[in-house]
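Q: Dropping in coords19.txt, which is compact mmCIF, C-alpha atoms:
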```txt
# COMPACT_ATOMS: atom_id res chain seq x y z
CA MET A 93 8.94 -78.38 76.74
CA ASN A 94 6.65 -77.19 79.54
CA MET A 95 6.33 -73.44 79.65
CA PHE A 96 3.64 -71.47 81.40
CA HIS A 97 2.14 -68.94 79.07
CA LYS A 98 -0.62 -66.48 79.84
CA PRO A 99 -2.76 -66.41 76.71
CA GLU A 100 -3.27 -63.13 74.89
CA VAL A 101 -6.85 -61.87 75.11
CA PHE A 102 -8.34 -60.90 71.76
CA ALA A 103 -11.57 -58.91 71.70
CA ALA A 104 -13.15 -55.81 70.21
CA SER A 105 -11.83 -52.51 71.50
CA PHE A 106 -12.93 -48.89 71.19
CA PRO A 107 -9.76 -46.75 71.26
CA GLU A 108 -11.58 -43.83 69.61
CA LEU A 109 -13.94 -43.51 72.57
CA ALA A 110 -13.05 -41.66 75.77
CA LEU A 111 -14.08 -42.58 79.28
CA ALA A 112 -17.12 -40.59 80.45
CA ASP A 113 -16.78 -38.66 83.70
CA GLU A 114 -19.04 -40.93 85.77
CA PHE A 115 -18.87 -44.52 86.91
CA VAL A 116 -20.72 -46.68 89.43
CA THR A 117 -19.40 -49.53 91.55
CA GLN A 118 -21.47 -52.37 92.88
CA GLY A 119 -19.50 -54.98 94.80
CA ASN A 120 -16.50 -55.69 92.60
CA LEU A 121 -18.28 -54.65 89.38
CA VAL A 122 -17.57 -51.29 87.75
CA TYR A 123 -20.18 -49.77 85.42
CA PHE A 124 -18.79 -47.15 83.03
CA THR A 125 -19.42 -45.44 79.70
CA LEU A 126 -17.12 -44.82 76.76
CA GLU A 127 -18.25 -41.92 74.58
CA VAL A 128 -17.38 -39.60 71.74
CA LYS A 129 -16.78 -36.17 73.25
CA GLY A 130 -18.72 -33.46 71.44
CA ASP A 131 -21.99 -31.63 71.10
CA GLY A 132 -23.55 -33.83 68.44
CA TYR A 133 -25.76 -36.90 68.71
CA PRO A 134 -24.70 -39.11 71.63
CA VAL A 135 -22.35 -41.90 70.57
CA TYR A 136 -21.47 -44.23 73.41
CA VAL A 137 -20.90 -47.76 74.65
CA SER A 138 -21.77 -48.49 78.29
CA GLY A 139 -20.20 -51.50 79.91
CA VAL A 140 -19.47 -53.41 83.07
CA ILE A 141 -16.17 -54.98 84.10
CA GLU A 142 -15.07 -57.07 87.06
CA ALA A 143 -12.38 -55.41 89.18
CA SER A 144 -9.86 -56.75 91.65
CA GLU A 145 -9.73 -55.45 95.20
CA LYS A 146 -6.40 -53.88 96.20
CA GLN A 147 -5.09 -52.20 99.33
CA ASP A 148 -3.06 -49.05 99.80
CA SER A 149 -2.56 -46.32 102.39
CA PHE A 150 -2.37 -42.54 102.55
CA GLU A 151 -1.28 -40.00 105.13
CA TYR A 152 -4.16 -38.29 106.91
CA ASN A 153 -4.02 -35.31 109.24
CA GLU A 154 -6.96 -33.30 110.63
CA THR A 155 -4.71 -30.72 112.28
CA ILE A 156 -2.01 -28.25 111.28
CA ASP A 157 0.65 -30.13 113.26
CA PRO A 158 2.49 -32.61 110.98
CA GLN A 159 3.23 -34.82 114.00
CA ASN A 160 -0.46 -35.77 114.12
CA ALA A 161 -0.42 -37.39 110.67
CA VAL A 162 -1.30 -41.08 110.57
CA ASP A 163 -1.23 -43.67 107.82
CA ILE A 164 -4.74 -44.82 106.87
CA ASN A 165 -5.23 -48.13 105.05
CA PHE A 166 -8.01 -48.38 102.49
CA ASP A 167 -9.35 -50.84 99.92
CA TYR A 168 -9.94 -49.84 96.31
CA LEU A 169 -10.94 -51.47 93.04
CA GLU A 170 -8.62 -51.88 90.07
CA VAL A 171 -9.32 -53.08 86.52
CA ASP A 172 -6.87 -54.39 83.92
CA THR A 173 -6.62 -54.82 80.17
CA GLN A 174 -6.79 -58.62 80.34
CA THR A 175 -10.30 -58.69 81.84
CA LEU A 176 -13.08 -58.42 79.31
CA ALA A 177 -15.93 -55.97 79.79
CA LEU A 178 -19.52 -56.60 78.69
CA VAL A 179 -21.66 -54.16 76.70
CA GLU A 180 -24.65 -53.01 78.77
CA ASP A 181 -26.02 -50.30 76.46
CA PHE A 182 -24.96 -48.48 73.29
CA SER A 183 -25.92 -45.79 70.82
CA GLU A 184 -24.81 -45.37 67.21
CA TYR A 185 -22.32 -48.26 67.41
CA GLU A 186 -22.49 -51.65 65.77
CA VAL A 187 -22.31 -53.78 68.89
CA SER A 188 -24.81 -55.86 70.83
CA ASN A 189 -25.76 -56.14 74.49
CA GLY A 190 -23.62 -58.75 76.21
CA MET A 191 -20.81 -58.44 73.67
CA LYS A 192 -17.34 -58.74 75.22
CA PHE A 193 -14.77 -56.02 74.64
CA LYS A 194 -11.38 -54.98 75.90
CA LEU A 195 -10.41 -51.61 77.40
CA THR A 196 -7.30 -49.87 76.11
CA GLU A 197 -4.33 -49.08 78.35
CA ALA A 198 -5.33 -45.38 78.43
CA GLN A 199 -8.95 -46.21 79.35
CA VAL A 200 -7.81 -48.61 82.11
CA GLN A 201 -5.32 -46.09 83.49
CA LYS A 202 -7.94 -43.30 83.67
CA LEU A 203 -10.59 -45.56 85.22
CA ASN A 204 -8.11 -46.85 87.81
CA GLU A 205 -7.13 -43.27 88.74
CA TRP A 206 -10.80 -42.42 89.32
CA LEU A 207 -11.47 -45.64 91.26
CA LYS A 208 -8.55 -44.98 93.61
CA GLU A 209 -9.49 -41.30 94.10
CA HIS A 210 -13.07 -42.36 94.83
CA ALA A 211 -11.92 -44.89 97.44
CA VAL A 212 -9.70 -42.29 99.16
CA GLU A 213 -12.55 -39.77 99.16
CA GLN A 214 -14.93 -42.31 100.68
CA LYS A 215 -12.39 -43.22 103.37
CA ILE A 216 -11.82 -39.54 104.25
CA ASN A 217 -15.59 -38.96 104.48
CA GLN A 218 -15.86 -42.03 106.70
CA LEU A 219 -13.08 -40.69 108.97
CA LYS A 220 -14.68 -37.24 109.16
CA GLY A 221 -18.00 -38.87 110.03
CA CYS A 222 -16.36 -40.75 112.88
CA LEU A 223 -14.67 -37.60 114.16
CA ALA A 224 -17.82 -35.45 114.09
```
Spit out the file's structure as structure tokens when you get a sec.
A:
Amino acid sequence: MNMFHKPEVFAASFPELALADEFVTQGNLVYFTLEVKGDGYPVYVSGVIEASEKQDSFEYNETIDPQNAVDINFDYLEVDTQTLALVEDFSEYEVSNGMKFKLTEAQVQKLNEWLKEHAVEQKINQLKGCLA
């Protein structure tokens, strides 16, 4: 019987760590940090993951008149739980540089929200720069 099956990805995961507030994109790579929130000694795992490029649009209007609104297309990056990330740096965790790990659904969802917001913000700044 021939059935197409997408294999399940098994890798280490850090569900106890939360996504830090900052990330950096370079091409289609996203650099991020997972950390323990608190005032104590820094506990974190920094990683990099390859993202897919997606397209979307939003309504943009520089004036008060709603008739002047236009749809603006923009590109953004999106990560998923099936793509493995690589450890770039760590503190107080038993991992090694280059180790592969998997993001949780919650971590992916939060990172994707930030990536999309960042892309919209960049597009708005680009539009304002063109209008000035």
Q: Have a look at atom CA of A:Phe115 and atom CA of A:Tyr152 and let me know their distance in Å, one decimal.
A: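 A separation of 25.6 Å between them.
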Q: Near A:Gly119, counting only C-alpha atoms, which residues have an atom at most 10 Å away, once you skip same-chain residues fewer than 3 positions from it, shown as an mmCIF file with C-alpha atoms, in the coordinates of the input?
A:
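Output below, filename around19.cif:
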```cif
data_model
loop_
_atom_site.group_PDB
_atom_site.id
_atom_site.type_symbol
_atom_site.label_atom_id
_atom_site.label_comp_id
_atom_site.auth_asym_id
_atom_site.auth_seq_id
_atom_site.Cartn_x
_atom_site.Cartn_y
_atom_site.Cartn_z
ATOM 1 C CA VAL A 116 -20.720 -46.680 89.430
ATOM 2 C CA VAL A 122 -17.570 -51.290 87.750
ATOM 3 C CA GLU A 142 -15.070 -57.070 87.060
ATOM 4 C CA ALA A 143 -12.380 -55.410 89.180
ATOM 5 C CA GLU A 145 -9.730 -55.450 95.200
ATOM 6 C CA LEU A 169 -10.940 -51.470 93.040
#
```
Q: Nearest to A:Thr117 among A:Glu197, A:Glu213, A:Glu170, A:Asp163, with distances taken over all atoms listed in the file: which residue is it?
A: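 Answer, going by the shortest atom-to-atom distance: A:Glu170.
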Q: Report as a list of chain:residue names all protein, DNA and RNA residues lying within 8 Å of A:Phe182, evaluated on only C-alpha atoms, omitting residues in the same chain fewer than 2 positions from it.
A: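 That gives A:Val135, A:Tyr136, A:Val137, A:Ser138, A:Val179, A:Glu180, A:Glu184, A:Tyr185, A:Val187, A:Ser188, A:Asn189.
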Q: Between A:Ala198, A:Val171, A:Leu111, A:Leu219, single out the one closest to A:Phe124, counting all atoms listed in the file.
A: A:Leu111
Q: Check the smallest atom-to-atom distance from each of A:Val162, A:Lys129, A:Pro134, A:Leu176 to A:Val200 using only C-alpha atoms, then report the winner.
A: A:Leu176
Q: May I ask which of the residues A:Val140, A:Tyr133, A:Ile164, A:Ala112 is the closest one to A:Phe193, counting all atoms listed in the file?
A: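 Closest residue, counting all atoms listed in the file: A:Val140.
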Q: Suppose you want the space between atom CA of A:Lys192 and atom CA of A:Gly139; what is it in Å?
A: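 Computing the Euclidean distance for atom CA of A:Lys192 and atom CA of A:Gly139 yields 9.1 Å.
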Q: Check the smallest atom-to-atom distance from each of A:Gln199, A:Thr173, A:Glu154, A:Met191 to A:Glu127 using all atoms listed in the file, then report the winner.
A: A:Gln199
Q: Figure out the distance between atom CA of A:Gln174 and atom CA of A:Glu186, please, to one decimal in Å.
A: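 One can read the atom CA of A:Glu186 to atom CA of A:Gln174 distance as 22.5 Å.
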Q: Leaving out A:Phe150 and any residue of its chain fewer than 2 positions from it, which residues lie within 12 Å of it when counting only C-alpha atoms, given as a PyMOL selection string?
A: chain A and resi 147-148+152-153+161-167+208-209+211-213+215-216
